[in-house]
Structures are given as C-alpha cells and as structure tokens.
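**Q** Have a look at this one before I ask anything.
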Amino acid sequence: MRRANQAIIVEGEFDVISCFQHGISNVVGVKGTALTEQQVVLLARYAQKITFCFDGDSAGQEAIKRSLSVVEKKDLTPTVIEIPGGKDPDESLKANAGLFQKAVREDIGIYDYLLTKTFASVDLTTSDGKRKVADTLLPVIGNIKNEIIKEHYVKKISSELATSYESIVKEMQRVVTRDTISPVKPVPKAKRAKDEVLEEYLLALILQSHNPKQIVEKAVTLLSDSLTRERAYQKIIVHLLSHFEHSDNFDGKNFPDSLPKELHLSYDTSFLLPLPHFENEKKLVTEVEKTAVQLRTFYIHQKMKKLAEEIQKKETPLRQDSAEQAKEGDTKGLDALKQQYSNLAHLLDNS
C-alpha cells in the first residue's frame, strides 16, 4: 500500500485471496460492511488513495456511499474499480484476470462513477426520477470537503436535471442538515480497568505530541518507581525509551514495524485515540504529568493491596504458634513484607 500509495478495499476474504494470487497485494477486505472511521484513519497511515472494489450491485454501491463520509473527513482521494461484468473481484479474476487487472489500473473518480450509475438508473425527464437523483446523490456530494470539487458536481447534477444551481444547493443543504442532526443511538461500551484506560491515554498523549522523546521521558521519570513493564502499553513505553536512546527522531507511522506483533493493536489504539485540544505544548505536558501521577498512585495502591494480602496470610499461622515455635525465617519474611508496605506508603505520602 505504501509503495502504490493506494489501498484497494474489497468486501470478502476470498476477494482478498484471489487478488493476492494474481499479484494485487495492496488490498484489504472489510467483510461486507462499510468502513469505520478508525479503519480509515489507520489506512491513511499507508496510502492517500482509497479505492473501492465492491460488488457492482445496489448493495455494493450503498456500501460505498456509507464509507465515503469517513474517507472525506481524512482528505483522502476516493476512487472506484468498475468490475467487469458486475461480478465480485474473486469471480472476475477467475473468469478473466487480465480484464480485471486492466480495470484496477483504470480506476475512476468515485463521484463520477456514482453520478453515472445514478443517472443511468432513472428517468431524468420525470419528477420522480429527479427526486431519486437528489435523494441518492446530494447526501454524498454534500459531504465533499473541497468546495471547488463540490461545486463541480453540483453543476453536473444541475445540468442533468435541468434545474437551477441554486435549487440544488438549497436542497443539498437541507439534506445534509437533516442527516447531521439525526439521532444516533449510543453503543454501550464494555467496562475497562481504570489503569488500562489511563495507560492508553498516557501513551496517546506521548505518541501524538510534537516531542514524543521529551514527553515519554517526563512520564517515565514520574513512573520509574512503580512501572511494572508487564502490560502492553507499558511495554510500548519501554520500546519508545529504547528507540530514543539511539535516535532523536520519531516516525509514528513506521514505529510499529519495530514492535512485536502482539503490541500492534495497543499501539494503533493509542496512536489513533481522539484527544482533547491543548492550547500549547505546556498544557499537554501538564496533562501528561497529571495522568502519570494518577497511574503511579494506582500502581502503588495495587502493590500495597497485594502486600496486605500476603502479610495477612503470613500473620495468621504465626498468631496460632507461640513465639518460641515461630520459625525465624517466617518472622523475617513477614518483617520484610511489612517494610515493603511501609516504603510504598511513604511513596504515597510524598506524591
């Protein structure tokens, strides 16, 4: 995808497999659903052009339209591959691989494709046909961020419908406003541990800052006496520290290549996590310090809780034995645990 600066989006896993078998490797499948905003943000790390290669039926066109708004938000270039014969990529490649590969090379602008398909499917001389065109195309054209491109397609629609430019613009504004204010039912989220949420947020602050080296060093300074380095987000921080020992530069898009695969999901989650707007770097540093202190306090409380449980386990049998019967090793071990607990309590007092 990086090499071609293009990500080809297909629907199913068999489409992906067939494409790879025929040398088309800048392809990914969405399993028959529309692209999500997070997926588009991830794809934007690898390619500027997002090329849809969905089935040529009405369901495929609807999936393209549902995906377009999130592609536009990232200022990416959307195109489409018109599959020969209207088949899916897998069937088309099996029937005539050369014809399909030619279609891949000749991808077309997605808005031209949608206009052509829509105009061909209705009778433009009737009011019903014109209404269908408006209902189908105006929500899509209205989401185009580039005003010059948007005006270009509004004029095309106006010309085809023999309707004034002003009428098309007015109707488009109405449709876009209606769709924007439509209520969206919230999706309940699974409850997550507080420390996991804080770790994800802290890593996001580091990765999305203008100076990740300074920020990660600041965070680790505050966490040095409590960071266990066992969980995914903590391990990524350790990898960042190691990276900055050898380089002052940081490329957030390519850095995951140096991470173990099991850390990629956690890294991507933080790299893409929406953050509040900070007026300046100083405000961000303050937020990093606050989050790191919260994490440090949480880690220390967790360690103290575990120590308290171990102390209780050791104290119970010792209480049952007389002082003479108690083993010296048991009492020393208990004293060591109590000292660790006291040290942690002292750290909390000095926070």
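Identifiers in the structure tokens: chain A, B, ... in order shown; residue index from 1 per chain; ligand index from 1 in order shown.
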With only C-alpha atoms as the counted atoms, please give the residues lying no more than 9 Å from Ala7 in chain A, apart from itself and same-chain residues fewer than 4 positions off, as number ranges by chain.

**A** A: 1-2, 26-28, 43-44, 46-52

**Q** Pull C-alpha atoms from the residues just selected and write them as a PDB file, in the first residue's frame.

**A**
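The result, stored in out19.pdb:
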```pdb
ATOM      1  CA  MET A   1       0.000   0.000   0.000  1.00  0.00           C
ATOM      2  CA  ARG A   2       2.820   2.392   0.850  1.00  0.00           C
ATOM      3  CA  ASN A  26      -2.328  -3.541  -1.852  1.00  0.00           C
ATOM      4  CA  VAL A  27      -5.761  -4.864  -0.919  1.00  0.00           C
ATOM      5  CA  VAL A  28      -7.760  -5.367   2.266  1.00  0.00           C
ATOM      6  CA  LEU A  43      -5.407   3.181   6.224  1.00  0.00           C
ATOM      7  CA  ALA A  44      -4.430   6.850   5.926  1.00  0.00           C
ATOM      8  CA  TYR A  46      -0.250   3.903   4.418  1.00  0.00           C
ATOM      9  CA  ALA A  47      -1.987   5.452   1.412  1.00  0.00           C
ATOM     10  CA  GLN A  48      -3.549   8.659   0.102  1.00  0.00           C
ATOM     11  CA  LYS A  49      -5.849   6.939  -2.398  1.00  0.00           C
ATOM     12  CA  ILE A  50      -8.690   4.734  -1.126  1.00  0.00           C
ATOM     13  CA  THR A  51     -10.065   2.617  -3.988  1.00  0.00           C
ATOM     14  CA  PHE A  52     -13.334   0.759  -3.574  1.00  0.00           C
TER      15      PHE A  52
END
```

**Q** Write out as an MDAnalysis selection string the residues lying within 12 Å of Ser342 in chain A, counting only C-alpha atoms and excluding same-chain residues fewer than 4 positions away.

**A** chainID A and resid 300 303:304 307:308 335:338 346:349

**Q** Rank nothing, just name the residue among A:Cys53, A:Ile24, A:Ile157, A:Val70 nearest to Ile9 in chain A, using only C-alpha atoms.

**A**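 The shortest atom-to-atom distance to Ile9 in chain A comes from A:Cys53.
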
**Q** With a distance cut-off of 9 Å and only C-alpha atoms, select the neighbouring residues of Thr269 in chain A, excluding the residue or stretch itself and same-chain residues fewer than 6 positions from it, and output the selection as number ranges by chain.

**A** A: 38, 200, 204

**Q** Restricting the calculation to only C-alpha atoms: of A:Gln294, A:Asn254, A:Asn280, A:Gln173, which residue gets closest to Leu223 in chain A?

**A**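 Result for the nearest residue to Leu223 in chain A: A:Gln294.
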
**Q** Taking 2 positions as the minimum chain separation for residues in the same chain, which residues sit within 9 Å of Tyr201 in chain A when counting only C-alpha atoms? Answer as a PDB file with C-alpha atoms, in the first residue's frame.

**A**
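Final output, around_34.pdb:
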```
ATOM      1  CA  GLU A 196      -5.749   0.235  31.348  1.00  0.00           C
ATOM      2  CA  VAL A 197      -7.716   3.350  30.361  1.00  0.00           C
ATOM      3  CA  LEU A 198      -5.069   5.619  31.922  1.00  0.00           C
ATOM      4  CA  GLU A 199      -2.204   3.727  30.251  1.00  0.00           C
ATOM      5  CA  LEU A 203       0.536   6.564  25.565  1.00  0.00           C
ATOM      6  CA  ALA A 204      -1.776   8.523  23.233  1.00  0.00           C
ATOM      7  CA  LEU A 205      -0.533  11.805  24.742  1.00  0.00           C
ATOM      8  CA  ILE A 206       3.053  10.679  24.124  1.00  0.00           C
ATOM      9  CA  SER A 270      -3.320   4.979  21.251  1.00  0.00           C
ATOM     10  CA  LEU A 273      -7.191   7.814  20.048  1.00  0.00           C
ATOM     11  CA  LEU A 275      -7.555  13.619  22.294  1.00  0.00           C
ATOM     12  CA  THR A 291      -2.084  11.272  34.140  1.00  0.00           C
TER      13      THR A 291
END
```

**Q** Of the candidates A:Leu222, A:Leu263, A:Val175, A:Leu99, which one gets nearest to His239 in chain A if we count only C-alpha atoms?

**A**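 So, comparing all the options, the nearest one is A:Leu263.
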
**Q** Any idea what the distance is between CA of Glu106 in chain A and CA of Ile83 in chain A?

**A**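 Calculated distance between CA of Glu106 in chain A and CA of Ile83 in chain A is 10.7 Å.
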
**Q** So which residues touch range 231-238 of chain A within 12 Å, counting only C-alpha atoms, skipping near sequence neighbours fewer than 2 positions away, as number ranges by chain?

**A** A: 195-207, 212-213, 215-221, 223-224, 226-229, 240-245, 255-256, 258-271, 292, 295

**Q** Would you mind writing down, as a list in words, each residue of range 24-214 of chain A that DSSP on the backbone assigns to strand (DSSP E or B)?

**A**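 Of range 24-214 of chain A, the ones in strand (DSSP E or B) are Val27, Val28, Gly29, Lys49, Ile50, Thr51, Phe52, Thr77, Pro78, Thr79, Val80, Ile108 and Gly109 of chain A.
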
**Q** Have a look at A:Pro78, A:His22, A:Asp135, A:Phe119 and name the one nearest to Arg174 in chain A; count only C-alpha atoms.

**A**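 Under the stated criterion, the closest residue is A:Asp135.
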